[in-house]
$ cat target14.cif   # mmCIF, C-alpha atoms
data_start
loop_
_atom_site.group_PDB
_atom_site.id
_atom_site.type_symbol
_atom_site.label_atom_id
_atom_site.label_comp_id
_atom_site.auth_asym_id
_atom_site.auth_seq_id
_atom_site.Cartn_x
_atom_site.Cartn_y
_atom_site.Cartn_z
ATOM 1 C CA MET A 1 73.742 50.521 116.128
ATOM 2 C CA SER A 2 76.715 52.569 117.303
ATOM 3 C CA ASP A 3 75.523 55.659 115.392
ATOM 4 C CA LEU A 4 72.042 55.819 116.940
ATOM 5 C CA SER A 5 71.297 59.091 118.726
ATOM 6 C CA LEU A 6 68.513 59.970 121.138
ATOM 7 C CA VAL A 7 67.215 63.535 120.984
ATOM 8 C CA VAL A 8 65.622 64.535 124.300
ATOM 9 C CA LEU A 9 63.247 67.499 124.033
ATOM 10 C CA ALA A 10 63.648 69.252 127.383
ATOM 11 C CA ALA A 11 63.291 72.965 126.664
ATOM 12 C CA GLY A 12 59.551 73.354 127.314
ATOM 13 C CA ILE A 13 57.911 74.910 130.370
ATOM 14 C CA GLY A 14 55.041 72.971 131.925
ATOM 15 C CA SER A 15 52.468 75.696 132.519
ATOM 16 C CA ARG A 16 49.654 73.289 133.469
ATOM 17 C CA PHE A 17 51.969 71.303 135.748
ATOM 18 C CA GLY A 18 53.149 74.431 137.531
ATOM 19 C CA GLY A 19 56.913 73.900 137.302
ATOM 20 C CA LEU A 20 59.761 72.206 135.475
ATOM 21 C CA LYS A 21 58.411 68.744 134.688
ATOM 22 C CA GLN A 22 61.780 67.753 133.226
ATOM 23 C CA VAL A 23 63.397 67.614 136.654
ATOM 24 C CA ALA A 24 60.439 66.520 138.791
ATOM 25 C CA ALA A 25 61.342 63.572 141.030
ATOM 26 C CA VAL A 26 59.250 60.446 140.348
ATOM 27 C CA ASP A 27 60.766 58.048 142.881
ATOM 28 C CA ALA A 28 62.318 57.951 146.340
ATOM 29 C CA ARG A 29 65.826 58.464 144.911
ATOM 30 C CA GLY A 30 64.868 61.687 143.174
ATOM 31 C CA GLN A 31 65.120 60.202 139.685
ATOM 32 C CA THR A 32 63.081 61.751 136.873
ATOM 33 C CA LEU A 33 61.078 60.449 133.926
ATOM 34 C CA ALA A 34 63.992 61.493 131.718
ATOM 35 C CA ASP A 35 66.285 59.240 133.782
ATOM 36 C CA TYR A 36 64.015 56.260 133.139
ATOM 37 C CA SER A 37 63.610 57.046 129.435
ATOM 38 C CA ILE A 38 67.310 57.580 128.785
ATOM 39 C CA PHE A 39 68.121 54.450 130.803
ATOM 40 C CA ASP A 40 65.800 52.437 128.535
ATOM 41 C CA ALA A 41 67.209 54.008 125.374
ATOM 42 C CA VAL A 42 70.851 53.384 126.324
ATOM 43 C CA ASN A 43 70.044 49.758 127.133
ATOM 44 C CA ALA A 44 68.354 49.448 123.730
ATOM 45 C CA GLY A 45 71.519 50.588 121.919
ATOM 46 C CA PHE A 46 71.361 54.378 121.644
ATOM 47 C CA ARG A 47 74.898 55.603 122.252
ATOM 48 C CA ARG A 48 74.639 59.407 121.914
ATOM 49 C CA VAL A 49 72.143 61.497 123.886
ATOM 50 C CA VAL A 50 71.440 65.046 122.693
ATOM 51 C CA CYS A 51 69.458 67.018 125.272
ATOM 52 C CA VAL A 52 67.745 70.115 123.911
ATOM 53 C CA VAL A 53 67.417 72.665 126.712
ATOM 54 C CA THR A 54 67.332 76.391 127.201
ATOM 55 C CA ALA A 55 70.594 77.960 128.305
ATOM 56 C CA GLU A 56 68.962 78.787 131.643
ATOM 57 C CA LEU A 57 67.938 75.167 132.307
ATOM 58 C CA GLU A 58 71.172 73.396 131.350
ATOM 59 C CA ALA A 59 72.930 73.642 134.720
ATOM 60 C CA GLU A 60 69.946 72.279 136.668
ATOM 61 C CA PHE A 61 69.263 69.569 134.089
ATOM 62 C CA HIS A 62 72.894 68.468 134.192
ATOM 63 C CA SER A 63 73.011 68.448 137.987
ATOM 64 C CA ARG A 64 69.835 66.376 138.282
ATOM 65 C CA ILE A 65 70.114 64.112 135.211
ATOM 66 C CA GLY A 66 72.959 64.758 132.799
ATOM 67 C CA ARG A 67 75.885 64.058 135.111
ATOM 68 C CA HIS A 68 74.616 60.495 135.579
ATOM 69 C CA VAL A 69 73.865 59.971 131.884
ATOM 70 C CA ALA A 70 77.315 61.222 130.879
ATOM 71 C CA ARG A 71 78.914 58.196 132.572
ATOM 72 C CA GLN A 72 76.927 55.806 130.362
ATOM 73 C CA ALA A 73 76.554 57.587 127.010
ATOM 74 C CA ASP A 74 78.004 60.335 124.843
ATOM 75 C CA LEU A 75 76.047 63.309 126.228
ATOM 76 C CA VAL A 76 75.688 66.591 124.333
ATOM 77 C CA TYR A 77 73.604 69.703 125.062
ATOM 78 C CA ALA A 78 71.922 71.785 122.394
ATOM 79 C CA HIS A 79 70.282 75.128 123.160
ATOM 80 C CA GLN A 80 66.933 76.074 121.677
ATOM 81 C CA ARG A 81 66.906 79.816 121.067
ATOM 82 C CA LEU A 82 64.242 82.234 119.905
ATOM 83 C CA ASP A 83 66.616 83.933 117.464
ATOM 84 C CA ASP A 84 67.926 80.703 115.896
ATOM 85 C CA LEU A 85 66.301 81.315 112.508
ATOM 86 C CA PRO A 86 67.311 80.793 108.880
ATOM 87 C CA SER A 87 69.036 83.693 107.152
ATOM 88 C CA GLY A 88 66.603 86.401 106.131
ATOM 89 C CA TYR A 89 64.028 85.776 108.885
ATOM 90 C CA GLY A 90 63.477 87.782 112.051
ATOM 91 C CA VAL A 91 61.674 87.473 115.385
ATOM 92 C CA PRO A 92 58.144 88.941 115.350
ATOM 93 C CA HIS A 93 57.394 91.842 117.657
ATOM 94 C CA GLY A 94 56.295 90.661 121.080
ATOM 95 C CA ARG A 95 57.500 87.073 120.767
ATOM 96 C CA VAL A 96 59.469 85.864 123.811
ATOM 97 C CA LYS A 97 59.633 82.058 123.561
ATOM 98 C CA PRO A 98 61.263 79.676 121.062
ATOM 99 C CA TRP A 99 59.377 78.094 118.179
ATOM 100 C CA GLY A 100 58.255 74.683 119.455
ATOM 101 C CA THR A 101 59.345 71.061 119.275
ATOM 102 C CA GLY A 102 60.109 71.143 115.543
ATOM 103 C CA GLN A 103 62.671 73.889 116.103
ATOM 104 C CA ALA A 104 64.016 71.942 119.088
ATOM 105 C CA VAL A 105 64.780 69.021 116.752
ATOM 106 C CA LEU A 106 66.569 71.411 114.387
ATOM 107 C CA ALA A 107 68.701 72.655 117.303
ATOM 108 C CA ALA A 108 69.811 69.065 117.987
ATOM 109 C CA LEU A 109 70.625 68.042 114.429
ATOM 110 C CA PRO A 110 74.172 69.509 114.229
ATOM 111 C CA TYR A 111 75.102 67.044 116.997
ATOM 112 C CA VAL A 112 73.444 63.993 115.434
ATOM 113 C CA ASN A 113 75.329 61.473 113.319
ATOM 114 C CA GLY A 114 73.250 58.906 111.491
ATOM 115 C CA SER A 115 69.723 57.917 112.482
ATOM 116 C CA PHE A 116 68.040 59.349 115.557
ATOM 117 C CA ALA A 117 64.987 59.046 117.776
ATOM 118 C CA THR A 118 63.098 61.820 119.543
ATOM 119 C CA ILE A 119 61.395 61.800 122.946
ATOM 120 C CA ASN A 120 59.811 64.284 125.331
ATOM 121 C CA ALA A 121 61.859 64.647 128.520
ATOM 122 C CA ASP A 122 58.732 64.548 130.673
ATOM 123 C CA ASP A 123 57.289 61.313 129.229
ATOM 124 C CA PHE A 124 57.840 57.648 130.067
ATOM 125 C CA TYR A 125 57.454 55.346 127.065
ATOM 126 C CA GLY A 126 58.170 51.890 128.437
ATOM 127 C CA ARG A 127 61.169 49.678 127.692
ATOM 128 C CA GLY A 128 59.858 47.750 124.693
ATOM 129 C CA PRO A 129 59.332 50.650 122.258
ATOM 130 C CA TYR A 130 63.017 51.657 122.462
ATOM 131 C CA HIS A 131 64.142 48.168 121.431
ATOM 132 C CA GLN A 132 61.482 48.165 118.711
ATOM 133 C CA LEU A 133 62.672 51.512 117.348
ATOM 134 C CA ALA A 134 66.387 50.701 117.650
ATOM 135 C CA ALA A 135 65.904 47.494 115.640
ATOM 136 C CA PHE A 136 63.910 49.399 113.025
ATOM 137 C CA LEU A 137 66.526 52.164 112.651
ATOM 138 C CA SER A 138 69.329 49.590 112.456
ATOM 139 C CA SER A 139 67.650 47.874 109.488
ATOM 140 C CA ASP A 140 68.395 48.615 105.836
ATOM 141 C CA ARG A 141 64.980 50.155 105.198
ATOM 142 C CA ASP A 142 64.868 53.772 104.066
ATOM 143 C CA THR A 143 61.590 54.634 105.797
ATOM 144 C CA HIS A 144 61.299 56.670 108.965
ATOM 145 C CA GLY A 145 59.347 55.388 111.958
ATOM 146 C CA LEU A 146 56.782 56.463 114.530
ATOM 147 C CA VAL A 147 55.864 54.450 117.611
ATOM 148 C CA GLY A 148 52.076 54.597 117.776
ATOM 149 C CA TYR A 149 50.353 54.284 121.164
ATOM 150 C CA HIS A 150 46.745 53.350 121.881
ATOM 151 C CA LEU A 151 44.874 56.430 123.037
ATOM 152 C CA ARG A 152 43.565 54.644 126.143
ATOM 153 C CA GLN A 153 47.167 54.355 127.406
ATOM 154 C CA THR A 154 47.892 58.088 127.109
ATOM 155 C CA LEU A 155 45.044 59.942 128.861
ATOM 156 C CA SER A 156 45.083 61.844 132.138
ATOM 157 C CA ASP A 157 42.559 61.529 134.955
ATOM 158 C CA HIS A 158 43.306 65.107 136.026
ATOM 159 C CA GLY A 159 42.435 67.176 132.968
ATOM 160 C CA THR A 160 42.336 67.338 129.207
ATOM 161 C CA VAL A 161 45.253 66.572 126.862
ATOM 162 C CA SER A 162 46.169 67.122 123.223
ATOM 163 C CA ARG A 163 47.197 64.183 121.063
ATOM 164 C CA GLY A 164 48.345 63.706 117.488
ATOM 165 C CA VAL A 165 45.789 61.278 116.052
ATOM 166 C CA CYS A 166 47.348 59.142 113.341
ATOM 167 C CA GLU A 167 45.795 58.027 110.080
ATOM 168 C CA VAL A 168 47.452 54.755 109.116
ATOM 169 C CA LYS A 169 47.153 52.822 105.860
ATOM 170 C CA ALA A 170 49.080 49.623 105.104
ATOM 171 C CA GLY A 171 51.331 50.324 108.090
ATOM 172 C CA ARG A 172 52.316 53.806 106.889
ATOM 173 C CA LEU A 173 51.465 57.201 108.358
ATOM 174 C CA VAL A 174 49.327 59.081 105.824
ATOM 175 C CA GLY A 175 48.030 61.821 108.100
ATOM 176 C CA ILE A 176 48.287 63.231 111.611
ATOM 177 C CA ASP A 177 45.700 65.507 113.158
ATOM 178 C CA GLU A 178 46.215 67.383 116.422
ATOM 179 C CA ARG A 179 43.131 66.901 118.587
ATOM 180 C CA THR A 180 42.836 69.117 121.641
ATOM 181 C CA ALA A 181 40.949 69.059 124.953
ATOM 182 C CA LEU A 182 40.665 65.258 124.964
ATOM 183 C CA ARG A 183 38.898 64.079 128.106
ATOM 184 C CA ARG A 184 38.740 60.420 129.145
ATOM 185 C CA SER A 185 35.388 58.688 128.674
ATOM 186 C CA GLY A 186 34.242 55.706 130.716
ATOM 187 C CA ASP A 187 35.191 53.021 128.192
ATOM 188 C CA GLY A 188 38.837 53.949 127.639
ATOM 189 C CA GLY A 189 38.203 56.338 124.773
ATOM 190 C CA ALA A 190 37.989 60.117 124.851
ATOM 191 C CA ILE A 191 35.798 63.062 123.841
ATOM 192 C CA ASP A 192 37.456 66.009 122.106
ATOM 193 C CA GLU A 193 36.601 69.718 122.329
ATOM 194 C CA ALA A 194 34.052 69.368 119.526
ATOM 195 C CA GLY A 195 32.278 66.528 121.324
ATOM 196 C CA GLN A 196 33.575 63.890 118.918
ATOM 197 C CA TYR A 197 34.317 60.459 120.361
ATOM 198 C CA LEU A 198 37.638 58.683 119.773
ATOM 199 C CA GLY A 199 37.966 54.994 120.624
ATOM 200 C CA GLY A 200 40.571 53.753 123.058
ATOM 201 C CA ASP A 201 42.435 51.831 120.343
ATOM 202 C CA THR A 202 42.933 54.972 118.247
ATOM 203 C CA ILE A 203 46.635 55.282 117.343
ATOM 204 C CA VAL A 204 48.270 58.470 118.584
ATOM 205 C CA SER A 205 51.750 59.952 118.493
ATOM 206 C CA MET A 206 53.587 60.707 121.740
ATOM 207 C CA ASN A 207 56.660 62.149 119.952
ATOM 208 C CA LEU A 208 58.592 58.868 119.941
ATOM 209 C CA TRP A 209 59.802 59.108 116.357
ATOM 210 C CA GLY A 210 62.706 57.492 114.524
ATOM 211 C CA PHE A 211 64.326 59.334 111.625
ATOM 212 C CA ARG A 212 66.946 58.531 109.008
ATOM 213 C CA PRO A 213 69.626 61.140 108.175
ATOM 214 C CA SER A 214 67.554 62.358 105.203
ATOM 215 C CA ALA A 215 65.049 63.857 107.664
ATOM 216 C CA LYS A 216 67.472 66.684 108.522
ATOM 217 C CA ALA A 217 66.870 68.515 105.243
ATOM 218 C CA VAL A 218 63.108 68.015 105.512
ATOM 219 C CA PHE A 219 62.919 69.576 108.984
ATOM 220 C CA ALA A 220 64.819 72.631 107.709
ATOM 221 C CA GLU A 221 62.623 72.956 104.606
ATOM 222 C CA GLN A 222 59.421 72.642 106.616
ATOM 223 C CA PHE A 223 60.602 75.281 109.101
ATOM 224 C CA ARG A 224 61.180 77.766 106.300
ATOM 225 C CA ALA A 225 57.731 76.960 104.891
ATOM 226 C CA PHE A 226 56.237 77.534 108.364
ATOM 227 C CA LEU A 227 57.932 80.933 108.641
ATOM 228 C CA ASP A 228 56.830 81.887 105.117
ATOM 229 C CA ARG A 229 53.186 81.311 106.030
ATOM 230 C CA GLY A 230 53.461 84.095 108.602
ATOM 231 C CA THR A 231 54.143 83.969 112.329
ATOM 232 C CA SER A 232 52.929 85.589 115.496
ATOM 233 C CA ALA A 233 53.934 85.896 119.128
ATOM 234 C CA THR A 234 52.460 82.461 119.855
ATOM 235 C CA SER A 235 52.671 80.337 116.656
ATOM 236 C CA GLU A 236 54.738 77.149 116.983
ATOM 237 C CA TYR A 237 56.545 74.785 114.635
ATOM 238 C CA TYR A 238 55.779 71.375 116.102
ATOM 239 C CA LEU A 239 57.675 68.165 115.498
ATOM 240 C CA PRO A 240 54.730 66.651 113.539
ATOM 241 C CA ASP A 241 54.799 69.732 111.277
ATOM 242 C CA GLY A 242 58.278 68.687 110.188
ATOM 243 C CA ALA A 243 57.260 65.039 109.888
ATOM 244 C CA ARG A 244 54.409 65.955 107.524
ATOM 245 C CA GLY A 245 57.072 66.560 104.902
ATOM 246 C CA MET A 246 57.785 62.809 105.064
ATOM 247 C CA ILE A 247 54.167 61.552 104.985
ATOM 248 C CA GLY A 248 53.992 58.235 103.169
ATOM 249 C CA GLN A 249 57.599 57.470 104.119
ATOM 250 C CA ILE A 250 56.924 56.831 107.835
ATOM 251 C CA ALA A 251 56.191 53.341 109.140
ATOM 252 C CA VAL A 252 53.908 53.202 112.176
ATOM 253 C CA LEU A 253 55.272 50.809 114.801
ATOM 254 C CA GLU A 254 52.252 50.019 116.948
ATOM 255 C CA THR A 255 52.800 49.305 120.642
ATOM 256 C CA THR A 256 50.617 48.247 123.539
ATOM 257 C CA ALA A 257 53.065 49.747 126.042
ATOM 258 C CA THR A 258 51.774 52.057 128.761
ATOM 259 C CA TRP A 259 52.786 55.693 128.431
ATOM 260 C CA LEU A 260 53.216 57.824 131.556
ATOM 261 C CA GLY A 261 53.349 61.590 131.770
ATOM 262 C CA ILE A 262 52.868 64.465 134.185
ATOM 263 C CA THR A 263 50.770 67.018 132.364
ATOM 264 C CA TYR A 264 49.111 68.068 135.626
ATOM 265 C CA ALA A 265 50.348 68.116 139.225
ATOM 266 C CA GLY A 266 47.755 65.447 140.026
ATOM 267 C CA ASP A 267 49.445 63.067 137.558
ATOM 268 C CA LEU A 268 52.622 62.914 139.632
ATOM 269 C CA GLU A 269 51.451 60.556 142.368
ATOM 270 C CA PRO A 270 49.996 57.904 139.987
ATOM 271 C CA VAL A 271 53.231 58.019 137.972
ATOM 272 C CA ARG A 272 55.280 57.468 141.127
ATOM 273 C CA ASP A 273 53.049 54.549 142.138
ATOM 274 C CA HIS A 274 53.339 52.906 138.717
ATOM 275 C CA LEU A 275 57.119 53.196 138.618
ATOM 276 C CA ALA A 276 57.379 51.875 142.190
ATOM 277 C CA ARG A 277 55.476 48.769 141.064
ATOM 278 C CA LEU A 278 57.845 48.305 138.117
ATOM 279 C CA VAL A 279 60.848 48.549 140.453
ATOM 280 C CA ALA A 280 59.255 46.151 142.953
ATOM 281 C CA GLN A 281 58.680 43.521 140.267
ATOM 282 C CA GLY A 282 62.281 43.829 139.038
ATOM 283 C CA ASP A 283 61.730 45.686 135.767
ATOM 284 C CA TYR A 284 64.068 48.477 136.912
ATOM 285 C CA PRO A 285 66.774 48.722 139.566
ATOM 286 C CA GLU A 286 66.158 51.125 142.436
ATOM 287 C CA ARG A 287 69.220 53.089 141.331
ATOM 288 C CA LEU A 288 69.195 53.477 137.549
ATOM 289 C CA TRP A 289 72.724 54.846 137.192
ATOM 290 C CA PRO A 290 75.760 53.243 138.880
#

$ encode --input "target14.cif" --output "structure tokens"
Amino acid sequence: MSDLSLVVLAAGIGSRFGGLKQVAAVDARGQTLADYSIFDAVNAGFRRVVCVVTAELEAEFHSRIGRHVARQADLVYAHQRLDDLPSGYGVPHGRVKPWGTGQAVLAALPYVNGSFATINADDFYGRGPYHQLAAFLSSDRDTHGLVGYHLRQTLSDHGTVSRGVCEVKAGRLVGIDERTALRRSGDGGAIDEAGQYLGGDTIVSMNLWGFRPSAKAVFAEQFRAFLDRGTSATSEYYLPDGARGMIGQIAVLETTATWLGITYAGDLEPVRDHLARLVAQGDYPERLWP
């Protein structure tokens, strides 16, 4: 397991949250969701942590999070840049932001040796899924992996969310469909923007993926295909867009763990309360990093 890397996607700007979710304090000690997630990953056996940030965010991210992580793991920063494109491609007129989570993974890959997992910096995934994914990636199988969450565990009480709804057959991912404007219904499910109901046990992706080294070439190929289809000032190459090039080769590792996130400002207080309960019952120390 010594070659397992964790890729932390931390370059996004939380427009609905109203600030930098990546460095928002979620407990009395000022620790962040990224602190909790990286703590869980390191304890599960991930030894290298590659944080994908913008150049402007790196200093603040390191001051708040990275300096603690660096004492426990091999910490590397990768910068996601708008102009980081394959040879022969250019930035469209009017575009000012990078190309999405798929490009963020590509920015990290030069610093990754062996198999790797991906997470969002502003999400909390629970301890168990990291051990589940580390064991999977340390096996001799050649399939990639996706930790699949039950939709009921991933909704917000403070607004709508988008989720990658997974189609699973015989334990493999055979399709993933981005569903937007999902609003919680009374029974644990959700209604999407078209008025279609999704049950609470629907399996969704929260960007906790596990990839073998062969995925590197696929992400690059899919990015070129994305650019060839034509781009605009707002089009994005998402992580699942890269993963679609591996459909049929991805095992879905189902979990009943509770996901936490701060999509909206109103999500912050419930997240703090939940983590305080986990600390009080001994699941986490009050101070994550010595």

$ resolve_selection --input "target14.cif" --expression "the PyMOL selection byres ((chain A and resi 224-237) around 8)" --output "VMD selection string"
chain A and resid 86 89 92 to 96 99 to 103 220 to 223 238 to 239 241 to 242

$ write_last_selection --input "target14.cif" --atoms "C-alpha atoms" --output "PDB file, keeping the file's coordinate frame"
ATOM      1  CA  PRO A  86      67.311  80.793 108.880  1.00  0.00           C
ATOM      2  CA  TYR A  89      64.028  85.776 108.885  1.00  0.00           C
ATOM      3  CA  PRO A  92      58.144  88.941 115.350  1.00  0.00           C
ATOM      4  CA  HIS A  93      57.394  91.842 117.657  1.00  0.00           C
ATOM      5  CA  GLY A  94      56.295  90.661 121.080  1.00  0.00           C
ATOM      6  CA  ARG A  95      57.500  87.073 120.767  1.00  0.00           C
ATOM      7  CA  VAL A  96      59.469  85.864 123.811  1.00  0.00           C
ATOM      8  CA  TRP A  99      59.377  78.094 118.179  1.00  0.00           C
ATOM      9  CA  GLY A 100      58.255  74.683 119.455  1.00  0.00           C
ATOM     10  CA  THR A 101      59.345  71.061 119.275  1.00  0.00           C
ATOM     11  CA  GLY A 102      60.109  71.143 115.543  1.00  0.00           C
ATOM     12  CA  GLN A 103      62.671  73.889 116.103  1.00  0.00           C
ATOM     13  CA  ALA A 220      64.819  72.631 107.709  1.00  0.00           C
ATOM     14  CA  GLU A 221      62.623  72.956 104.606  1.00  0.00           C
ATOM     15  CA  GLN A 222      59.421  72.642 106.616  1.00  0.00           C
ATOM     16  CA  PHE A 223      60.602  75.281 109.101  1.00  0.00           C
ATOM     17  CA  TYR A 238      55.779  71.375 116.102  1.00  0.00           C
ATOM     18  CA  LEU A 239      57.675  68.165 115.498  1.00  0.00           C
ATOM     19  CA  ASP A 241      54.799  69.732 111.277  1.00  0.00           C
ATOM     20  CA  GLY A 242      58.278  68.687 110.188  1.00  0.00           C
TER      21      GLY A 242
END

$ residues_around --input "target14.cif" --residues "region 214-216 of chain A" --least-positions-apart "2" --cutoff "9 Å" --atoms "all atoms listed in the file" --output "JSON, numbers by chain"
{"A": [105, 106, 109, 115, 144, 211, 212, 218, 219, 220, 221, 242, 243, 245, 246]}

$ atom_distance --input "target14.cif" --atom1 "CA of Arg184 (chain A)" --atom2 "CA of Asp201 (chain A)"
12.8 Å

$ closest_residue --input "target14.cif" --among "A:Gly171, A:Gly148, A:Gly189, A:Gly261" --to "Ser37 (chain A)" --atoms "all atoms listed in the file"
A:Gly261

$ residues_near_point --input "target14.cif" --point "(56.1, 49.9, 126.9)" --cutoff "12 Å" --atoms "only C-alpha atoms" --output "count of residues only"
31

$ atom_distance --input "target14.cif" --atom1 "CA of Gly210 (chain A)" --atom2 "CA of Gln80 (chain A)"
20.4 Å

$ closest_residue --input "target14.cif" --among "A:Val23, A:Cys51, A:Ala276, A:Leu4" --to "Ala135 (chain A)" --atoms "only C-alpha atoms"
A:Leu4

$ closest_residue --input "target14.cif" --among "A:Asn113, A:Ser87, A:Asn43, A:Thr54" --to "Gln72 (chain A)" --atoms "only C-alpha atoms"
A:Asn43
